[in-house]
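K.L.:
Sharing a structure below in structure tokens format, with a few things to ask.
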Amino acid sequence: MSPVNVSSIGSFIREQREQARIRQLAQAAGVSNPYLSQIERGLRQPSADILQQIAKGLRISAEVLYVQAGILEDRPAGTGVRDAVLADPELTERQKQVLIELYESFRQELAPAAGEQPPAAPEAEPDHMVPSPAGNR
């Protein structure tokens, strides 16, 4: 686990709050305005519980804040989605299967096809084969 960069996590939280245009983040996260201000200015180091509350208020994953704070290691894109779907107790097994299949289809769609070459540009016709506008009279 890397050391927490208090200034970095505070700046990140402020940016997320401003981008989401959330005016009452402190209230949504269940913390006081002065405490949130101290976190955003890098004066306080929030606990994992406070980060989770702030993440809820920002409507983002707590994992994102944990990574920014250095509490968790960053994982490659796509890891954890399958685990999260499978762990959701409110979904039926069929719903979980459909969500995972849909997610995998999107990932495959974005992945470059192995061994596929981009289509070749069409060859231009020789000049003597292209009709001239004057010939269409």
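Ligands are numbered from 1 in the order shown, residues from 1 within each chain, and chains are lettered A, B, ... in the order they appear in the structure tokens.
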Neighbouring residues of Ile100 of chain A were defined as those with any atom within 9 Å, considering only C-alpha atoms; residues of the same chain fewer than 2 positions away were excluded. Please report them as a short mmCIF file (atom, residue, chain, number, x, y, z; two decimals) with N, CA and C atoms, in the first residue's frame.
P.N.:
```
data_model
loop_
_atom_site.label_atom_id
_atom_site.label_comp_id
_atom_site.auth_asym_id
_atom_site.auth_seq_id
_atom_site.Cartn_x
_atom_site.Cartn_y
_atom_site.Cartn_z
N VAL A 81 -15.58 -5.90 -12.53
CA VAL A 81 -16.96 -5.75 -12.99
C VAL A 81 -17.68 -7.09 -12.85
N ARG A 82 -17.06 -8.12 -13.34
CA ARG A 82 -17.65 -9.47 -13.25
C ARG A 82 -17.89 -9.84 -11.79
N VAL A 85 -20.85 -7.85 -10.31
CA VAL A 85 -22.15 -8.35 -10.78
C VAL A 85 -22.48 -9.66 -10.05
N LEU A 86 -21.52 -10.55 -9.97
CA LEU A 86 -21.77 -11.84 -9.33
C LEU A 86 -22.06 -11.69 -7.83
N GLN A 95 -30.21 -12.58 -14.46
CA GLN A 95 -29.83 -11.18 -14.67
C GLN A 95 -28.31 -11.04 -14.63
N LYS A 96 -27.67 -11.72 -13.71
CA LYS A 96 -26.20 -11.68 -13.62
C LYS A 96 -25.57 -12.19 -14.91
N GLN A 97 -26.10 -13.31 -15.40
CA GLN A 97 -25.57 -13.91 -16.63
C GLN A 97 -25.72 -12.96 -17.81
N VAL A 98 -26.89 -12.34 -17.94
CA VAL A 98 -27.14 -11.42 -19.05
C VAL A 98 -26.23 -10.21 -18.95
N LEU A 102 -23.44 -9.17 -21.72
CA LEU A 102 -23.50 -7.85 -22.36
C LEU A 102 -22.18 -7.10 -22.17
N TYR A 103 -21.67 -7.12 -20.95
CA TYR A 103 -20.39 -6.46 -20.66
C TYR A 103 -19.27 -7.05 -21.52
N GLU A 104 -19.22 -8.36 -21.58
CA GLU A 104 -18.17 -9.01 -22.38
C GLU A 104 -18.31 -8.67 -23.86
N SER A 105 -19.54 -8.56 -24.34
CA SER A 105 -19.72 -8.21 -25.76
C SER A 105 -19.22 -6.80 -26.04
#
```
K.L.:
Could you name the residues that touch Gln53 of chain A at 10 Å or less, counting only C-alpha atoms, but leaving out those on the same chain fewer than 4 positions away, as a list in words?
P.N.:
Leu25, Ala26, Ala28, Ala29, Gly30, Val31, Ser47, Ala48, Asp49, Gly57, Leu58, Arg59 and Ala62 of chain A
K.L.:
Residues near Tyr35 of chain A, anyone? I mean within 12 Å using only C-alpha atoms, not counting same-chain ones fewer than 5 positions away, as a VMD selection string.
P.N.:
chain A and resid 10 25 to 27 29 to 30 40 to 46 50 54
K.L.:
So which bits of segment 2-87 of chain A end up helix (DSSP H, G or I) when you DSSP the backbone, as a PDB file with N, CA, C and O atoms, in the first residue's frame?
P.N.:
```pdb
ATOM      1  N   VAL A   6      -2.398  13.291   0.704  1.00  0.00           N
ATOM      2  CA  VAL A   6      -3.564  14.011   1.205  1.00  0.00           C
ATOM      3  C   VAL A   6      -3.973  15.128   0.259  1.00  0.00           C
ATOM      4  O   VAL A   6      -5.154  15.312  -0.041  1.00  0.00           O
ATOM      5  N   SER A   7      -3.019  15.861  -0.273  1.00  0.00           N
ATOM      6  CA  SER A   7      -3.317  16.960  -1.185  1.00  0.00           C
ATOM      7  C   SER A   7      -3.946  16.440  -2.468  1.00  0.00           C
ATOM      8  O   SER A   7      -4.897  17.019  -2.985  1.00  0.00           O
ATOM      9  N   SER A   8      -3.429  15.333  -2.982  1.00  0.00           N
ATOM     10  CA  SER A   8      -3.914  14.765  -4.226  1.00  0.00           C
ATOM     11  C   SER A   8      -5.355  14.283  -4.098  1.00  0.00           C
ATOM     12  O   SER A   8      -6.184  14.552  -4.965  1.00  0.00           O
ATOM     13  N   ILE A   9      -5.668  13.575  -3.027  1.00  0.00           N
ATOM     14  CA  ILE A   9      -7.031  13.065  -2.863  1.00  0.00           C
ATOM     15  C   ILE A   9      -7.996  14.223  -2.661  1.00  0.00           C
ATOM     16  O   ILE A   9      -9.101  14.218  -3.184  1.00  0.00           O
ATOM     17  N   GLY A  10      -7.585  15.242  -1.946  1.00  0.00           N
ATOM     18  CA  GLY A  10      -8.437  16.412  -1.732  1.00  0.00           C
ATOM     19  C   GLY A  10      -8.742  17.129  -3.034  1.00  0.00           C
ATOM     20  O   GLY A  10      -9.889  17.498  -3.301  1.00  0.00           O
ATOM     21  N   SER A  11      -7.714  17.308  -3.849  1.00  0.00           N
ATOM     22  CA  SER A  11      -7.902  17.954  -5.158  1.00  0.00           C
ATOM     23  C   SER A  11      -8.819  17.125  -6.046  1.00  0.00           C
ATOM     24  O   SER A  11      -9.667  17.661  -6.754  1.00  0.00           O
ATOM     25  N   PHE A  12      -8.635  15.815  -6.003  1.00  0.00           N
ATOM     26  CA  PHE A  12      -9.458  14.923  -6.815  1.00  0.00           C
ATOM     27  C   PHE A  12     -10.925  15.023  -6.391  1.00  0.00           C
ATOM     28  O   PHE A  12     -11.813  15.116  -7.242  1.00  0.00           O
ATOM     29  N   ILE A  13     -11.172  15.028  -5.092  1.00  0.00           N
ATOM     30  CA  ILE A  13     -12.544  15.136  -4.590  1.00  0.00           C
ATOM     31  C   ILE A  13     -13.160  16.464  -5.021  1.00  0.00           C
ATOM     32  O   ILE A  13     -14.301  16.511  -5.487  1.00  0.00           O
ATOM     33  N   ARG A  14     -12.397  17.542  -4.895  1.00  0.00           N
ATOM     34  CA  ARG A  14     -12.905  18.854  -5.304  1.00  0.00           C
ATOM     35  C   ARG A  14     -13.258  18.856  -6.788  1.00  0.00           C
ATOM     36  O   ARG A  14     -14.317  19.338  -7.192  1.00  0.00           O
ATOM     37  N   GLU A  15     -12.367  18.310  -7.626  1.00  0.00           N
ATOM     38  CA  GLU A  15     -12.620  18.254  -9.075  1.00  0.00           C
ATOM     39  C   GLU A  15     -13.892  17.466  -9.381  1.00  0.00           C
ATOM     40  O   GLU A  15     -14.707  17.886 -10.199  1.00  0.00           O
ATOM     41  N   GLN A  16     -14.053  16.321  -8.714  1.00  0.00           N
ATOM     42  CA  GLN A  16     -15.230  15.493  -8.937  1.00  0.00           C
ATOM     43  C   GLN A  16     -16.502  16.229  -8.513  1.00  0.00           C
ATOM     44  O   GLN A  16     -17.522  16.190  -9.198  1.00  0.00           O
ATOM     45  N   ARG A  17     -16.431  16.918  -7.381  1.00  0.00           N
ATOM     46  CA  ARG A  17     -17.587  17.671  -6.875  1.00  0.00           C
ATOM     47  C   ARG A  17     -17.960  18.777  -7.857  1.00  0.00           C
ATOM     48  O   ARG A  17     -19.134  18.969  -8.175  1.00  0.00           O
ATOM     49  N   GLU A  18     -16.955  19.501  -8.349  1.00  0.00           N
ATOM     50  CA  GLU A  18     -17.215  20.607  -9.268  1.00  0.00           C
ATOM     51  C   GLU A  18     -17.749  20.100 -10.610  1.00  0.00           C
ATOM     52  O   GLU A  18     -18.666  20.684 -11.181  1.00  0.00           O
ATOM     53  N   GLN A  19     -17.178  19.013 -11.110  1.00  0.00           N
ATOM     54  CA  GLN A  19     -17.636  18.457 -12.387  1.00  0.00           C
ATOM     55  C   GLN A  19     -19.073  17.962 -12.289  1.00  0.00           C
ATOM     56  O   GLN A  19     -19.849  18.094 -13.234  1.00  0.00           O
ATOM     57  N   ALA A  20     -19.418  17.380 -11.142  1.00  0.00           N
ATOM     58  CA  ALA A  20     -20.776  16.861 -10.950  1.00  0.00           C
ATOM     59  C   ALA A  20     -21.744  17.954 -10.513  1.00  0.00           C
ATOM     60  O   ALA A  20     -22.935  17.708 -10.414  1.00  0.00           O
ATOM     61  N   LEU A  25     -22.217  18.415  -1.057  1.00  0.00           N
ATOM     62  CA  LEU A  25     -21.517  17.145  -0.905  1.00  0.00           C
ATOM     63  C   LEU A  25     -21.347  16.781   0.557  1.00  0.00           C
ATOM     64  O   LEU A  25     -21.532  15.627   0.933  1.00  0.00           O
ATOM     65  N   ALA A  26     -21.010  17.740   1.383  1.00  0.00           N
ATOM     66  CA  ALA A  26     -20.801  17.453   2.808  1.00  0.00           C
ATOM     67  C   ALA A  26     -22.066  16.827   3.400  1.00  0.00           C
ATOM     68  O   ALA A  26     -21.997  15.807   4.097  1.00  0.00           O
ATOM     69  N   GLN A  27     -23.192  17.427   3.106  1.00  0.00           N
ATOM     70  CA  GLN A  27     -24.455  16.912   3.624  1.00  0.00           C
ATOM     71  C   GLN A  27     -24.739  15.518   3.075  1.00  0.00           C
ATOM     72  O   GLN A  27     -25.128  14.613   3.812  1.00  0.00           O
ATOM     73  N   ALA A  28     -24.540  15.328   1.771  1.00  0.00           N
ATOM     74  CA  ALA A  28     -24.781  14.029   1.145  1.00  0.00           C
ATOM     75  C   ALA A  28     -23.850  12.959   1.708  1.00  0.00           C
ATOM     76  O   ALA A  28     -24.226  11.791   1.804  1.00  0.00           O
ATOM     77  N   ALA A  29     -22.633  13.357   2.086  1.00  0.00           N
ATOM     78  CA  ALA A  29     -21.648  12.411   2.603  1.00  0.00           C
ATOM     79  C   ALA A  29     -21.743  12.252   4.117  1.00  0.00           C
ATOM     80  O   ALA A  29     -21.070  11.399   4.691  1.00  0.00           O
ATOM     81  N   ASN A  33     -19.306  20.720   6.586  1.00  0.00           N
ATOM     82  CA  ASN A  33     -18.689  21.530   5.528  1.00  0.00           C
ATOM     83  C   ASN A  33     -17.234  21.859   5.846  1.00  0.00           C
ATOM     84  O   ASN A  33     -16.380  21.738   4.963  1.00  0.00           O
ATOM     85  N   PRO A  34     -16.916  22.281   7.092  1.00  0.00           N
ATOM     86  CA  PRO A  34     -15.504  22.581   7.394  1.00  0.00           C
ATOM     87  C   PRO A  34     -14.585  21.361   7.236  1.00  0.00           C
ATOM     88  O   PRO A  34     -13.471  21.484   6.738  1.00  0.00           O
ATOM     89  N   TYR A  35     -15.080  20.179   7.625  1.00  0.00           N
ATOM     90  CA  TYR A  35     -14.268  18.970   7.500  1.00  0.00           C
ATOM     91  C   TYR A  35     -14.011  18.648   6.032  1.00  0.00           C
ATOM     92  O   TYR A  35     -12.874  18.353   5.634  1.00  0.00           O
ATOM     93  N   LEU A  36     -15.058  18.719   5.203  1.00  0.00           N
ATOM     94  CA  LEU A  36     -14.893  18.475   3.772  1.00  0.00           C
ATOM     95  C   LEU A  36     -13.938  19.491   3.166  1.00  0.00           C
ATOM     96  O   LEU A  36     -13.072  19.139   2.354  1.00  0.00           O
ATOM     97  N   SER A  37     -14.056  20.732   3.568  1.00  0.00           N
ATOM     98  CA  SER A  37     -13.160  21.773   3.067  1.00  0.00           C
ATOM     99  C   SER A  37     -11.710  21.461   3.423  1.00  0.00           C
ATOM    100  O   SER A  37     -10.806  21.634   2.613  1.00  0.00           O
ATOM    101  N   GLN A  38     -11.487  20.976   4.626  1.00  0.00           N
ATOM    102  CA  GLN A  38     -10.121  20.623   5.044  1.00  0.00           C
ATOM    103  C   GLN A  38      -9.581  19.448   4.227  1.00  0.00           C
ATOM    104  O   GLN A  38      -8.402  19.423   3.867  1.00  0.00           O
ATOM    105  N   ILE A  39     -10.441  18.500   3.916  1.00  0.00           N
ATOM    106  CA  ILE A  39     -10.024  17.367   3.077  1.00  0.00           C
ATOM    107  C   ILE A  39      -9.651  17.876   1.686  1.00  0.00           C
ATOM    108  O   ILE A  39      -8.584  17.549   1.155  1.00  0.00           O
ATOM    109  N   GLU A  40     -10.525  18.715   1.111  1.00  0.00           N
ATOM    110  CA  GLU A  40     -10.273  19.220  -0.243  1.00  0.00           C
ATOM    111  C   GLU A  40      -9.016  20.074  -0.314  1.00  0.00           C
ATOM    112  O   GLU A  40      -8.356  20.109  -1.352  1.00  0.00           O
ATOM    113  N   ALA A  48     -10.958   5.538   5.322  1.00  0.00           N
ATOM    114  CA  ALA A  48     -11.620   4.765   4.266  1.00  0.00           C
ATOM    115  C   ALA A  48     -13.133   4.903   4.383  1.00  0.00           C
ATOM    116  O   ALA A  48     -13.830   4.989   3.366  1.00  0.00           O
ATOM    117  N   ASP A  49     -13.660   4.953   5.612  1.00  0.00           N
ATOM    118  CA  ASP A  49     -15.105   5.109   5.805  1.00  0.00           C
ATOM    119  C   ASP A  49     -15.588   6.456   5.271  1.00  0.00           C
ATOM    120  O   ASP A  49     -16.630   6.537   4.612  1.00  0.00           O
ATOM    121  N   ILE A  50     -14.844   7.506   5.565  1.00  0.00           N
ATOM    122  CA  ILE A  50     -15.219   8.843   5.086  1.00  0.00           C
ATOM    123  C   ILE A  50     -15.129   8.884   3.566  1.00  0.00           C
ATOM    124  O   ILE A  50     -15.999   9.450   2.901  1.00  0.00           O
ATOM    125  N   LEU A  51     -14.091   8.272   2.996  1.00  0.00           N
ATOM    126  CA  LEU A  51     -13.975   8.226   1.531  1.00  0.00           C
ATOM    127  C   LEU A  51     -15.168   7.508   0.917  1.00  0.00           C
ATOM    128  O   LEU A  51     -15.680   7.926  -0.121  1.00  0.00           O
ATOM    129  N   GLN A  52     -15.622   6.448   1.574  1.00  0.00           N
ATOM    130  CA  GLN A  52     -16.777   5.711   1.065  1.00  0.00           C
ATOM    131  C   GLN A  52     -18.020   6.601   1.102  1.00  0.00           C
ATOM    132  O   GLN A  52     -18.799   6.628   0.151  1.00  0.00           O
ATOM    133  N   GLN A  53     -18.207   7.363   2.162  1.00  0.00           N
ATOM    134  CA  GLN A  53     -19.348   8.270   2.270  1.00  0.00           C
ATOM    135  C   GLN A  53     -19.272   9.365   1.205  1.00  0.00           C
ATOM    136  O   GLN A  53     -20.279   9.719   0.588  1.00  0.00           O
ATOM    137  N   ILE A  54     -18.063   9.900   0.996  1.00  0.00           N
ATOM    138  CA  ILE A  54     -17.875  10.941  -0.024  1.00  0.00           C
ATOM    139  C   ILE A  54     -18.156  10.365  -1.413  1.00  0.00           C
ATOM    140  O   ILE A  54     -18.798  11.010  -2.244  1.00  0.00           O
ATOM    141  N   ALA A  55     -17.691   9.136  -1.658  1.00  0.00           N
ATOM    142  CA  ALA A  55     -17.939   8.480  -2.950  1.00  0.00           C
ATOM    143  C   ALA A  55     -19.436   8.348  -3.192  1.00  0.00           C
ATOM    144  O   ALA A  55     -19.917   8.593  -4.309  1.00  0.00           O
ATOM    145  N   LYS A  56     -20.190   7.976  -2.170  1.00  0.00           N
ATOM    146  CA  LYS A  56     -21.648   7.880  -2.313  1.00  0.00           C
ATOM    147  C   LYS A  56     -22.235   9.234  -2.673  1.00  0.00           C
ATOM    148  O   LYS A  56     -23.087   9.339  -3.550  1.00  0.00           O
ATOM    149  N   GLY A  57     -21.766  10.283  -1.990  1.00  0.00           N
ATOM    150  CA  GLY A  57     -22.246  11.632  -2.266  1.00  0.00           C
ATOM    151  C   GLY A  57     -21.915  12.085  -3.675  1.00  0.00           C
ATOM    152  O   GLY A  57     -22.681  12.818  -4.297  1.00  0.00           O
ATOM    153  N   LEU A  58     -20.763  11.652  -4.185  1.00  0.00           N
ATOM    154  CA  LEU A  58     -20.338  12.009  -5.541  1.00  0.00           C
ATOM    155  C   LEU A  58     -20.944  11.081  -6.594  1.00  0.00           C
ATOM    156  O   LEU A  58     -20.781  11.322  -7.793  1.00  0.00           O
ATOM    157  N   ALA A  62     -16.412   3.877  -4.576  1.00  0.00           N
ATOM    158  CA  ALA A  62     -15.472   4.132  -3.484  1.00  0.00           C
ATOM    159  C   ALA A  62     -14.075   3.668  -3.890  1.00  0.00           C
ATOM    160  O   ALA A  62     -13.077   4.266  -3.485  1.00  0.00           O
ATOM    161  N   GLU A  63     -14.009   2.639  -4.723  1.00  0.00           N
ATOM    162  CA  GLU A  63     -12.723   2.120  -5.181  1.00  0.00           C
ATOM    163  C   GLU A  63     -11.907   3.204  -5.885  1.00  0.00           C
ATOM    164  O   GLU A  63     -10.695   3.267  -5.743  1.00  0.00           O
ATOM    165  N   VAL A  64     -12.587   4.073  -6.638  1.00  0.00           N
ATOM    166  CA  VAL A  64     -11.899   5.156  -7.343  1.00  0.00           C
ATOM    167  C   VAL A  64     -11.188   6.063  -6.333  1.00  0.00           C
ATOM    168  O   VAL A  64     -10.025   6.432  -6.522  1.00  0.00           O
ATOM    169  N   LEU A  65     -11.883   6.393  -5.254  1.00  0.00           N
ATOM    170  CA  LEU A  65     -11.270   7.246  -4.231  1.00  0.00           C
ATOM    171  C   LEU A  65     -10.168   6.503  -3.481  1.00  0.00           C
ATOM    172  O   LEU A  65      -9.149   7.097  -3.140  1.00  0.00           O
ATOM    173  N   TYR A  66     -10.372   5.219  -3.223  1.00  0.00           N
ATOM    174  CA  TYR A  66      -9.340   4.436  -2.533  1.00  0.00           C
ATOM    175  C   TYR A  66      -8.052   4.387  -3.356  1.00  0.00           C
ATOM    176  O   TYR A  66      -6.951   4.503  -2.811  1.00  0.00           O
ATOM    177  N   VAL A  67      -8.194   4.242  -4.667  1.00  0.00           N
ATOM    178  CA  VAL A  67      -7.008   4.227  -5.542  1.00  0.00           C
ATOM    179  C   VAL A  67      -6.329   5.594  -5.506  1.00  0.00           C
ATOM    180  O   VAL A  67      -5.111   5.688  -5.372  1.00  0.00           O
ATOM    181  N   GLN A  68      -7.125   6.664  -5.621  1.00  0.00           N
ATOM    182  CA  GLN A  68      -6.563   8.020  -5.588  1.00  0.00           C
ATOM    183  C   GLN A  68      -5.850   8.297  -4.270  1.00  0.00           C
ATOM    184  O   GLN A  68      -4.848   8.988  -4.237  1.00  0.00           O
ATOM    185  N   ALA A  69      -6.395   7.739  -3.182  1.00  0.00           N
ATOM    186  CA  ALA A  69      -5.810   7.967  -1.854  1.00  0.00           C
ATOM    187  C   ALA A  69      -4.630   7.046  -1.591  1.00  0.00           C
ATOM    188  O   ALA A  69      -3.925   7.219  -0.602  1.00  0.00           O
ATOM    189  N   VAL A  81     -15.580  -5.903 -12.532  1.00  0.00           N
ATOM    190  CA  VAL A  81     -16.960  -5.754 -12.987  1.00  0.00           C
ATOM    191  C   VAL A  81     -17.680  -7.088 -12.851  1.00  0.00           C
ATOM    192  O   VAL A  81     -18.772  -7.162 -12.287  1.00  0.00           O
ATOM    193  N   ARG A  82     -17.059  -8.117 -13.341  1.00  0.00           N
ATOM    194  CA  ARG A  82     -17.649  -9.468 -13.251  1.00  0.00           C
ATOM    195  C   ARG A  82     -17.886  -9.842 -11.788  1.00  0.00           C
ATOM    196  O   ARG A  82     -18.967 -10.326 -11.435  1.00  0.00           O
ATOM    197  N   ASP A  83     -16.894  -9.605 -10.936  1.00  0.00           N
ATOM    198  CA  ASP A  83     -17.029  -9.926  -9.514  1.00  0.00           C
ATOM    199  C   ASP A  83     -18.156  -9.132  -8.868  1.00  0.00           C
ATOM    200  O   ASP A  83     -18.911  -9.660  -8.055  1.00  0.00           O
ATOM    201  N   ALA A  84     -18.266  -7.844  -9.234  1.00  0.00           N
ATOM    202  CA  ALA A  84     -19.308  -6.994  -8.662  1.00  0.00           C
ATOM    203  C   ALA A  84     -20.691  -7.484  -9.060  1.00  0.00           C
ATOM    204  O   ALA A  84     -21.604  -7.533  -8.225  1.00  0.00           O
ATOM    205  N   VAL A  85     -20.853  -7.852 -10.315  1.00  0.00           N
ATOM    206  CA  VAL A  85     -22.151  -8.352 -10.776  1.00  0.00           C
ATOM    207  C   VAL A  85     -22.484  -9.657 -10.053  1.00  0.00           C
ATOM    208  O   VAL A  85     -23.600  -9.834  -9.554  1.00  0.00           O
ATOM    209  N   LEU A  86     -21.524 -10.549  -9.973  1.00  0.00           N
ATOM    210  CA  LEU A  86     -21.768 -11.841  -9.327  1.00  0.00           C
ATOM    211  C   LEU A  86     -22.062 -11.693  -7.832  1.00  0.00           C
ATOM    212  O   LEU A  86     -22.798 -12.489  -7.255  1.00  0.00           O
ATOM    213  N   ALA A  87     -21.508 -10.670  -7.197  1.00  0.00           N
ATOM    214  CA  ALA A  87     -21.684 -10.475  -5.761  1.00  0.00           C
ATOM    215  C   ALA A  87     -22.966  -9.730  -5.403  1.00  0.00           C
ATOM    216  O   ALA A  87     -23.349  -9.694  -4.243  1.00  0.00           O
TER     217      ALA A  87
END
```
